[in-house]
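*Asks:* For reference, the file start.pdb (PDB, C-alpha atoms, pLDDT in the B column) is included below:
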```pdb
MODEL        1
ATOM      1  CA  MET G 943      14.942 -78.445 -57.710  1.00 43.00           C
ATOM      2  CA  SER G 944      15.858 -80.646 -54.790  1.00 67.00           C
ATOM      3  CA  SER G 945      18.178 -79.118 -52.248  1.00 87.00           C
ATOM      4  CA  LEU G 946      19.836 -82.461 -51.437  1.00 94.00           C
ATOM      5  CA  ARG G 947      22.667 -82.185 -53.944  1.00 96.00           C
ATOM      6  CA  PRO G 948      23.727 -78.614 -53.102  1.00 96.00           C
ATOM      7  CA  THR G 949      23.441 -79.453 -49.399  1.00 96.00           C
ATOM      8  CA  ILE G 950      25.659 -82.527 -49.788  1.00 97.00           C
ATOM      9  CA  VAL G 951      28.311 -80.545 -51.685  1.00 97.00           C
ATOM     10  CA  GLN G 952      28.266 -77.775 -49.056  1.00 97.00           C
ATOM     11  CA  MET G 953      28.644 -80.335 -46.264  1.00 97.00           C
ATOM     12  CA  ILE G 954      31.646 -81.917 -47.972  1.00 98.00           C
ATOM     13  CA  LEU G 955      33.229 -78.508 -48.589  1.00 97.00           C
ATOM     14  CA  ASN G 956      32.801 -77.873 -44.846  1.00 97.00           C
ATOM     15  CA  LYS G 957      34.442 -81.274 -44.178  1.00 96.00           C
ATOM     16  CA  GLN G 958      31.242 -82.691 -42.714  1.00 97.00           C
ATOM     17  CA  THR G 959      31.956 -85.610 -44.994  1.00 98.00           C
ATOM     18  CA  GLU G 960      30.787 -88.437 -42.748  1.00 97.00           C
ATOM     19  CA  GLU G 961      27.444 -86.704 -42.200  1.00 98.00           C
ATOM     20  CA  ALA G 962      27.142 -86.106 -45.964  1.00 98.00           C
ATOM     21  CA  LEU G 963      27.792 -89.790 -46.655  1.00 98.00           C
ATOM     22  CA  GLU G 964      25.148 -90.738 -44.086  1.00 97.00           C
ATOM     23  CA  MET G 965      22.608 -88.483 -45.846  1.00 97.00           C
ATOM     24  CA  LEU G 966      23.537 -89.909 -49.244  1.00 97.00           C
ATOM     25  CA  ALA G 967      23.280 -93.479 -48.011  1.00 95.00           C
ATOM     26  CA  GLN G 968      19.902 -92.798 -46.450  1.00 96.00           C
ATOM     27  CA  ASN G 969      18.651 -91.110 -49.628  1.00 95.00           C
ATOM     28  CA  TYR G 970      19.831 -93.968 -51.869  1.00 93.00           C
ATOM     29  CA  ARG G 971      18.841 -96.638 -49.317  1.00 92.00           C
ATOM     30  CA  VAL G 972      22.276 -98.234 -49.064  1.00 93.00           C
ATOM     31  CA  PRO G 973      24.558 -98.788 -46.072  1.00 94.00           C
ATOM     32  CA  THR G 974      26.813 -95.859 -45.213  1.00 96.00           C
ATOM     33  CA  PRO G 975      30.341 -96.503 -46.483  1.00 96.00           C
ATOM     34  CA  LYS G 976      33.253 -96.263 -44.099  1.00 97.00           C
ATOM     35  CA  LEU G 977      35.706 -93.433 -44.635  1.00 97.00           C
ATOM     36  CA  LYS G 978      39.434 -93.568 -43.948  1.00 96.00           C
ATOM     37  CA  VAL G 979      42.608 -91.617 -44.610  1.00 95.00           C
ATOM     38  CA  GLY G 980      45.313 -93.499 -46.471  1.00 92.00           C
ATOM     39  CA  LEU G 981      45.108 -95.272 -49.794  1.00 92.00           C
ATOM     40  CA  PRO G 982      45.494 -99.043 -50.092  1.00 88.00           C
ATOM     41  CA  LYS G 983      48.820-100.345 -51.381  1.00 84.00           C
ATOM     42  CA  GLY G 984      49.115 -99.997 -55.128  1.00 76.00           C
ATOM     43  CA  HIS G 985      46.807 -96.968 -55.312  1.00 68.00           C
ATOM     44  CA  THR G 986      49.195 -94.289 -54.141  1.00 65.00           C
ATOM     45  CA  ARG G 987      49.986 -92.925 -57.604  1.00 72.00           C
ATOM     46  CA  ASN G 988      47.618 -90.549 -59.378  1.00 80.00           C
ATOM     47  CA  ALA G 989      44.650 -91.208 -57.076  1.00 89.00           C
ATOM     48  CA  TYR G 990      42.989 -89.010 -54.493  1.00 94.00           C
ATOM     49  CA  GLY G 991      40.503 -91.675 -53.476  1.00 95.00           C
ATOM     50  CA  THR G 992      39.517 -95.304 -53.943  1.00 94.00           C
ATOM     51  CA  TYR G 993      36.560 -97.490 -53.049  1.00 93.00           C
ATOM     52  CA  SER G 994      36.918-100.994 -51.690  1.00 91.00           C
ATOM     53  CA  PRO G 995      33.771-103.087 -52.118  1.00 90.00           C
ATOM     54  CA  LYS G 996      35.194-105.803 -49.869  1.00 89.00           C
ATOM     55  CA  ASN G 997      34.933-103.646 -46.757  1.00 91.00           C
ATOM     56  CA  GLN G 998      32.668-100.899 -48.190  1.00 94.00           C
ATOM     57  CA  THR G 999      35.286 -98.221 -47.527  1.00 96.00           C
ATOM     58  CA  ILE G1000      36.135 -94.988 -49.266  1.00 97.00           C
ATOM     59  CA  SER G1001      39.838 -94.328 -48.744  1.00 96.00           C
ATOM     60  CA  VAL G1002      41.309 -90.907 -49.425  1.00 96.00           C
ATOM     61  CA  LEU G1003      44.890 -89.769 -49.939  1.00 93.00           C
ATOM     62  CA  ASN G1004      44.883 -87.374 -46.974  1.00 94.00           C
ATOM     63  CA  SER G1005      42.505 -85.460 -44.731  1.00 94.00           C
ATOM     64  CA  ASP G1006      42.388 -82.518 -47.172  1.00 95.00           C
ATOM     65  CA  VAL G1007      40.457 -84.742 -49.595  1.00 96.00           C
ATOM     66  CA  PHE G1008      37.607 -84.969 -47.062  1.00 95.00           C
ATOM     67  CA  GLY G1009      36.708 -81.489 -48.351  1.00 97.00           C
ATOM     68  CA  ASN G1010      36.807 -82.409 -52.056  1.00 98.00           C
ATOM     69  CA  PRO G1011      33.236 -83.088 -53.196  1.00 98.00           C
ATOM     70  CA  PHE G1012      34.275 -84.432 -56.594  1.00 98.00           C
ATOM     71  CA  VAL G1013      36.436 -87.190 -55.106  1.00 98.00           C
ATOM     72  CA  ILE G1014      33.977 -88.125 -52.343  1.00 98.00           C
ATOM     73  CA  LEU G1015      30.964 -88.236 -54.682  1.00 98.00           C
ATOM     74  CA  HIS G1016      32.924 -90.113 -57.355  1.00 96.00           C
ATOM     75  CA  GLU G1017      33.840 -92.816 -54.838  1.00 96.00           C
ATOM     76  CA  PHE G1018      30.304 -92.872 -53.403  1.00 96.00           C
ATOM     77  CA  TYR G1019      29.061 -93.671 -56.905  1.00 94.00           C
ATOM     78  CA  HIS G1020      31.239 -96.790 -56.881  1.00 92.00           C
ATOM     79  CA  HIS G1021      29.726 -97.673 -53.495  1.00 93.00           C
ATOM     80  CA  LEU G1022      26.239 -97.327 -55.003  1.00 91.00           C
ATOM     81  CA  ARG G1023      27.072 -99.451 -58.008  1.00 88.00           C
ATOM     82  CA  CYS G1024      28.555-102.312 -56.020  1.00 86.00           C
ATOM     83  CA  LYS G1025      26.279-105.289 -55.911  1.00 61.00           C
ATOM     84  CA  SER G1026      25.614-106.100 -52.277  1.00 52.00           C
ATOM     85  CA  VAL G1027      25.494-109.835 -52.996  1.00 47.00           C
ATOM     86  CA  ASP G1028      28.721-110.375 -54.920  1.00 56.00           C
ATOM     87  CA  LYS G1029      30.501-107.135 -53.878  1.00 59.00           C
ATOM     88  CA  LEU G1030      31.856-106.648 -57.381  1.00 62.00           C
ATOM     89  CA  HIS G1031      32.939-103.176 -58.439  1.00 61.00           C
ATOM     90  CA  ARG G1032      30.303-102.003 -60.935  1.00 61.00           C
ATOM     91  CA  GLY G1033      30.192 -98.728 -62.811  1.00 64.00           C
ATOM     92  CA  THR G1034      32.665 -96.938 -64.989  1.00 85.00           C
ATOM     93  CA  GLU G1035      34.956 -94.064 -64.139  1.00 89.00           C
ATOM     94  CA  LYS G1036      33.102 -91.970 -66.707  1.00 92.00           C
ATOM     95  CA  ASN G1037      29.761 -92.570 -64.968  1.00 92.00           C
ATOM     96  CA  ALA G1038      31.293 -91.899 -61.556  1.00 94.00           C
ATOM     97  CA  ASP G1039      32.606 -88.581 -62.886  1.00 96.00           C
ATOM     98  CA  LYS G1040      29.178 -87.748 -64.325  1.00 96.00           C
ATOM     99  CA  PHE G1041      27.490 -88.537 -60.998  1.00 96.00           C
ATOM    100  CA  ALA G1042      29.856 -86.216 -59.111  1.00 97.00           C
ATOM    101  CA  LEU G1043      29.575 -83.447 -61.706  1.00 97.00           C
ATOM    102  CA  GLU G1044      25.766 -83.484 -61.491  1.00 97.00           C
ATOM    103  CA  PHE G1045      26.022 -82.654 -57.797  1.00 97.00           C
ATOM    104  CA  LEU G1046      28.577 -79.922 -58.453  1.00 97.00           C
ATOM    105  CA  ARG G1047      26.458 -78.349 -61.214  1.00 96.00           C
ATOM    106  CA  GLU G1048      23.405 -78.193 -58.957  1.00 95.00           C
ATOM    107  CA  TYR G1049      25.528 -76.650 -56.212  1.00 96.00           C
ATOM    108  CA  GLU G1050      26.822 -74.024 -58.633  1.00 95.00           C
ATOM    109  CA  THR G1051      23.283 -73.244 -59.857  1.00 93.00           C
ATOM    110  CA  ALA G1052      22.017 -72.884 -56.291  1.00 92.00           C
ATOM    111  CA  ALA G1053      24.964 -70.665 -55.326  1.00 90.00           C
ATOM    112  CA  ARG G1054      24.377 -68.408 -58.336  1.00 90.00           C
ATOM    113  CA  ALA G1055      20.679 -68.120 -57.497  1.00 89.00           C
ATOM    114  CA  ILE G1056      21.498 -67.117 -53.921  1.00 85.00           C
ATOM    115  CA  MET G1057      24.051 -64.543 -55.081  1.00 85.00           C
ATOM    116  CA  ALA G1058      21.608 -63.067 -57.613  1.00 85.00           C
ATOM    117  CA  ARG G1059      18.882 -62.845 -54.954  1.00 79.00           C
ATOM    118  CA  GLU G1060      21.254 -61.158 -52.486  1.00 80.00           C
ATOM    119  CA  THR G1061      22.474 -58.717 -55.141  1.00 78.00           C
ATOM    120  CA  LYS G1062      18.875 -57.854 -56.042  1.00 71.00           C
ATOM    121  CA  GLU G1063      17.969 -57.311 -52.359  1.00 71.00           C
ATOM    122  CA  THR G1064      20.883 -54.925 -51.768  1.00 71.00           C
ATOM    123  CA  SER G1065      20.213 -52.862 -54.905  1.00 61.00           C
TER     124      SER G1065
ENDMDL
END
```
Would you mind giving the structure from this file in structure tokens?

*Replies:*
Amino acid sequence: MSSLRPTIVQMILNKQTEEALEMLAQNYRVPTPKLKVGLPKGHTRNAYGTYSPKNQTISVLNSDVFGNPFVILHEFYHHLRCKSVDKLHRGTEKNADKFALEFLREYETAARAIMARETKETS
């Protein structure tokens, strides 16, 4: 199992979000998206984050969302799926959710393995 996904989730939980995005971009060989606090006009209801292909920016509702791996990874998926030539938003919400959940599942599996190992060592 690769340690990239659990590492990325842990970094985001620790609000090392910009560094996590840099690692993701490097791994997927895409430019690193910009990150900003404040949603664009028209996206302030029912959204914690958005992705703008025009300026390759992930915008989040507030600084607390920097520590939410689901939102950050969901929006990074949209960044990945944007065609660099025409900058059109590609990829469905369902697939963006799936992408984020895959990272979270691997993080949970890694955390459980560490806890089981530590429990075994202290017994």

*Asks:* Separation of CA of Leu1015 in chain G and CA of Met1057 in chain G, in Å?

*Replies:* 24.7 Å

*Asks:* Please evaluate the PyMOL selection byres ((chain G and resi 1019) around 9) against the displayed coordinates and give the resulting residues as a list of chain:residue names.

*Replies:* G:Ile1014, G:Leu1015, G:His1016, G:Glu1017, G:Phe1018, G:His1020, G:His1021, G:Leu1022, G:Arg1023, G:Cys1024, G:Gly1033, G:Asn1037, G:Ala1038, G:Asp1039, G:Phe1041, G:Ala1042

*Asks:* Decode the PyMOL selection byres ((chain G and resi 982-997) around 8) for the given file into explicit residues and return them as a count of residues only.

*Replies:* 20

*Asks:* Could you tell me which residues the PyMOL selection byres ((chain G and resi 958-966) around 9) returns for this structure, as a VMD selection string?

*Replies:* chain G and resid 946 949 to 957 967 to 977 1008 to 1009 1011 1014 to 1015 1018

*Asks:* How would the residues just chosen look if you wrote them out with C-alpha atoms as a CSV table (one decimal), keeping the file's coordinate frame?

*Replies:*
```csv
chain,number,residue,atom,x,y,z
G,946,LEU,CA,19.8,-82.5,-51.4
G,949,THR,CA,23.4,-79.5,-49.4
G,950,ILE,CA,25.7,-82.5,-49.8
G,951,VAL,CA,28.3,-80.5,-51.7
G,952,GLN,CA,28.3,-77.8,-49.1
G,953,MET,CA,28.6,-80.3,-46.3
G,954,ILE,CA,31.6,-81.9,-48.0
G,955,LEU,CA,33.2,-78.5,-48.6
G,956,ASN,CA,32.8,-77.9,-44.8
G,957,LYS,CA,34.4,-81.3,-44.2
G,967,ALA,CA,23.3,-93.5,-48.0
G,968,GLN,CA,19.9,-92.8,-46.4
G,969,ASN,CA,18.7,-91.1,-49.6
G,970,TYR,CA,19.8,-94.0,-51.9
G,971,ARG,CA,18.8,-96.6,-49.3
G,972,VAL,CA,22.3,-98.2,-49.1
G,973,PRO,CA,24.6,-98.8,-46.1
G,974,THR,CA,26.8,-95.9,-45.2
G,975,PRO,CA,30.3,-96.5,-46.5
G,976,LYS,CA,33.3,-96.3,-44.1
G,977,LEU,CA,35.7,-93.4,-44.6
G,1008,PHE,CA,37.6,-85.0,-47.1
G,1009,GLY,CA,36.7,-81.5,-48.4
G,1011,PRO,CA,33.2,-83.1,-53.2
G,1014,ILE,CA,34.0,-88.1,-52.3
G,1015,LEU,CA,31.0,-88.2,-54.7
G,1018,PHE,CA,30.3,-92.9,-53.4
```

*Asks:* With 8 Å added on each side, what axis-aligned box encloses every listed atom of range 972-977 of chain G? Give the centre and edge lengths in Å to one decimal, as JSON.

*Replies:*
```
{"center_x": 29.0, "center_y": -96.1, "center_z": -46.6, "size_x": 29.4, "size_y": 21.4, "size_z": 21.0}
```

*Asks:* As an exercise, work out the distance from CA of Lys1062 in chain G to CA of Leu1046 in chain G in Å and give it to one decimal place.

*Replies:*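 Atom-to-atom, CA of Lys1062 in chain G to CA of Leu1046 in chain G, that is 24.2 Å.
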
*Asks:* Kindly give the distance, in Å, that separates CA of Ser945 in chain G and CA of Thr1034 in chain G, rounded to a single decimal.

*Replies:* 26.3 Å
